[in-house]
Amino acid sequence: MNKAVFLDKDGTLIIDIPYNADPDKITLCNDCIKGLKRLQEKKYLLILITNQAGVAHGYFKEDALLLVEEKIRMMLNNYGIMLSGFYYCPHHPQGKIEPYAIDCDCRKPKPGLLLKAATELDIDLSASWMIGDILNDIEAGNSAGCKSILIDNGNETEWMMNEIRRPIAKVRNIDEAAEYIISIKKDERLVGM
């Protein structure tokens with residue numbers, strides 16, 4: 001089975017511009033390339049997991065996400081980084097566009113997108129990680145059986161905590177998250193020897 005690092009998109013991998021589907025406005029967050037390269041070297045699949053409620057709200061059409069995915073893949077490929085999957089939820093319970101105005105199983109904090117990726121890409125969730133910038137990301141990762149890391153960059157505003165929303169660590173960026181993941185794996189190997 002494969003191991004993966006699931007990445008939230010907006011505010012974690014790319015600069016958060018609410019409801020943006022314009023590829024020309026997409027830029028990578030600082031301090032992510034080194035970490036993503038290291039995770040890839042350690043044989044983690046890199047998979048994007050993102051809520052895209054702009055579809056349900058009518059801000060953009062679902063097919064606009066194809067260009068968003070293409071732009072992100074291109075930016076990462078420029079650094080030799082391969083994205084193994086791009087999974088998104090176009091739903092929102094208060095959406096105005098049918099059939100997207102539903103309470104689904106794929107919208108974070110529910111784990112549906114991670115479970116789908118795990119099935120399709122033969123991923124061992126217990127050996128995998130979720131990195132996100134809000135506690136809904138953490139809850140989705142933990143609910144799926146991953147370990148989860150919060151990028152504490154000010155995007156989480158509610159701080160409604162419980163055990164399922166508790167990250168293993170808080171860091172400032174993906175590079176720091178990668179270092180944490182890699183150091184934990186080294187420690188686990190040492191303990192097992």
# chains A, B, ... in the order shown; residues from 1 in each chain; ligands from 1
>>> select_by_dssp(residues="chain A", states="strand (DSSP E or B)", output="VMD selection string")
chain A and resid 2 to 8 10 14 28 44 to 51 85 to 89 123 129 to 132 147 to 151 169 to 171
>>> select_by_dssp(residues="chain A", states="alpha helix (DSSP H)", output="ChimeraX atom specification")
/A:33-41,54-57,64-77,112-121,135-144,174-192
>>> residues_around(residues="region 98-104 of chain A", least_positions_apart="3", cutoff="12 Å", atoms="only C-alpha atoms", output="ChimeraX atom specification")
/A:51-58,61-62,89-95,107-113
>>> closest_atom_pairs(of="region 100-166 of chain A", to="region 21-29 of chain A", cutoff="12 Å", atoms="only C-alpha atoms", output="Markdown table")
| residue | atom | partner | partner_atom | distance |
| --- | --- | --- | --- | --- |
| A:Asp133 | CA | A:Cys29 | CA | 11.8 |
| A:Ile151 | CA | A:Cys29 | CA | 11.5 |
| A:Asn153 | CA | A:Cys29 | CA | 11.1 |
>>> closest_residue(among="A:Lys116, A:Arg165, A:Lys170, A:Lys147", to="Ser128 (chain A)", atoms="only C-alpha atoms")
A:Lys147
>>> closest_residue(among="A:Leu125, A:Met74, A:Ile131, A:Ala177", to="Lys9 (chain A)", atoms="only C-alpha atoms")
A:Ile131
>>> decode(residues="region 50-70 of chain A", atoms="N, CA and C atoms", output="PDB file, in the first residue's frame")
ATOM      1  N   THR A  50      -9.744  19.449  -1.211  1.00  0.00           N
ATOM      2  CA  THR A  50     -10.233  20.823  -1.081  1.00  0.00           C
ATOM      3  C   THR A  50     -11.747  20.939  -1.192  1.00  0.00           C
ATOM      4  N   ASN A  51     -12.313  21.768  -0.335  1.00  0.00           N
ATOM      5  CA  ASN A  51     -13.716  22.159  -0.464  1.00  0.00           C
ATOM      6  C   ASN A  51     -13.792  23.280  -1.495  1.00  0.00           C
ATOM      7  N   GLN A  52     -14.702  23.160  -2.442  1.00  0.00           N
ATOM      8  CA  GLN A  52     -14.884  24.178  -3.476  1.00  0.00           C
ATOM      9  C   GLN A  52     -16.360  24.560  -3.559  1.00  0.00           C
ATOM     10  N   ALA A  53     -16.854  25.151  -2.476  1.00  0.00           N
ATOM     11  CA  ALA A  53     -18.266  25.524  -2.368  1.00  0.00           C
ATOM     12  C   ALA A  53     -18.665  26.617  -3.347  1.00  0.00           C
ATOM     13  N   GLY A  54     -17.688  27.261  -3.979  1.00  0.00           N
ATOM     14  CA  GLY A  54     -18.006  28.257  -4.993  1.00  0.00           C
ATOM     15  C   GLY A  54     -18.864  27.685  -6.107  1.00  0.00           C
ATOM     16  N   VAL A  55     -18.749  26.400  -6.368  1.00  0.00           N
ATOM     17  CA  VAL A  55     -19.595  25.736  -7.371  1.00  0.00           C
ATOM     18  C   VAL A  55     -21.040  25.745  -6.895  1.00  0.00           C
ATOM     19  N   ALA A  56     -21.268  25.294  -5.658  1.00  0.00           N
ATOM     20  CA  ALA A  56     -22.631  25.243  -5.113  1.00  0.00           C
ATOM     21  C   ALA A  56     -23.254  26.624  -4.987  1.00  0.00           C
ATOM     22  N   HIS A  57     -22.428  27.624  -4.711  1.00  0.00           N
ATOM     23  CA  HIS A  57     -22.928  28.993  -4.555  1.00  0.00           C
ATOM     24  C   HIS A  57     -23.109  29.715  -5.885  1.00  0.00           C
ATOM     25  N   GLY A  58     -22.638  29.105  -6.978  1.00  0.00           N
ATOM     26  CA  GLY A  58     -22.804  29.708  -8.286  1.00  0.00           C
ATOM     27  C   GLY A  58     -21.744  30.731  -8.653  1.00  0.00           C
ATOM     28  N   TYR A  59     -20.613  30.744  -7.940  1.00  0.00           N
ATOM     29  CA  TYR A  59     -19.548  31.701  -8.239  1.00  0.00           C
ATOM     30  C   TYR A  59     -18.739  31.284  -9.466  1.00  0.00           C
ATOM     31  N   PHE A  60     -18.656  29.975  -9.703  1.00  0.00           N
ATOM     32  CA  PHE A  60     -17.978  29.453 -10.890  1.00  0.00           C
ATOM     33  C   PHE A  60     -18.515  28.053 -11.171  1.00  0.00           C
ATOM     34  N   LYS A  61     -18.332  27.606 -12.398  1.00  0.00           N
ATOM     35  CA  LYS A  61     -18.788  26.283 -12.826  1.00  0.00           C
ATOM     36  C   LYS A  61     -17.766  25.230 -12.399  1.00  0.00           C
ATOM     37  N   GLU A  62     -18.234  24.007 -12.223  1.00  0.00           N
ATOM     38  CA  GLU A  62     -17.346  22.939 -11.787  1.00  0.00           C
ATOM     39  C   GLU A  62     -16.183  22.723 -12.755  1.00  0.00           C
ATOM     40  N   ASP A  63     -16.421  22.870 -14.062  1.00  0.00           N
ATOM     41  CA  ASP A  63     -15.332  22.627 -15.005  1.00  0.00           C
ATOM     42  C   ASP A  63     -14.203  23.659 -14.897  1.00  0.00           C
ATOM     43  N   ALA A  64     -14.437  24.783 -14.217  1.00  0.00           N
ATOM     44  CA  ALA A  64     -13.363  25.755 -13.976  1.00  0.00           C
ATOM     45  C   ALA A  64     -12.260  25.150 -13.111  1.00  0.00           C
ATOM     46  N   LEU A  65     -12.610  24.148 -12.316  1.00  0.00           N
ATOM     47  CA  LEU A  65     -11.623  23.524 -11.441  1.00  0.00           C
ATOM     48  C   LEU A  65     -10.583  22.719 -12.218  1.00  0.00           C
ATOM     49  N   LEU A  66     -10.911  22.337 -13.452  1.00  0.00           N
ATOM     50  CA  LEU A  66      -9.929  21.646 -14.290  1.00  0.00           C
ATOM     51  C   LEU A  66      -8.736  22.553 -14.584  1.00  0.00           C
ATOM     52  N   LEU A  67      -9.017  23.831 -14.850  1.00  0.00           N
ATOM     53  CA  LEU A  67      -7.937  24.786 -15.108  1.00  0.00           C
ATOM     54  C   LEU A  67      -7.153  25.104 -13.839  1.00  0.00           C
ATOM     55  N   VAL A  68      -7.846  25.115 -12.700  1.00  0.00           N
ATOM     56  CA  VAL A  68      -7.179  25.324 -11.410  1.00  0.00           C
ATOM     57  C   VAL A  68      -6.214  24.166 -11.149  1.00  0.00           C
ATOM     58  N   GLU A  69      -6.701  22.952 -11.339  1.00  0.00           N
ATOM     59  CA  GLU A  69      -5.849  21.773 -11.141  1.00  0.00           C
ATOM     60  C   GLU A  69      -4.653  21.809 -12.090  1.00  0.00           C
ATOM     61  N   GLU A  70      -4.912  22.117 -13.343  1.00  0.00           N
ATOM     62  CA  GLU A  70      -3.838  22.175 -14.340  1.00  0.00           C
ATOM     63  C   GLU A  70      -2.762  23.189 -13.937  1.00  0.00           C
TER      64      GLU A  70
END
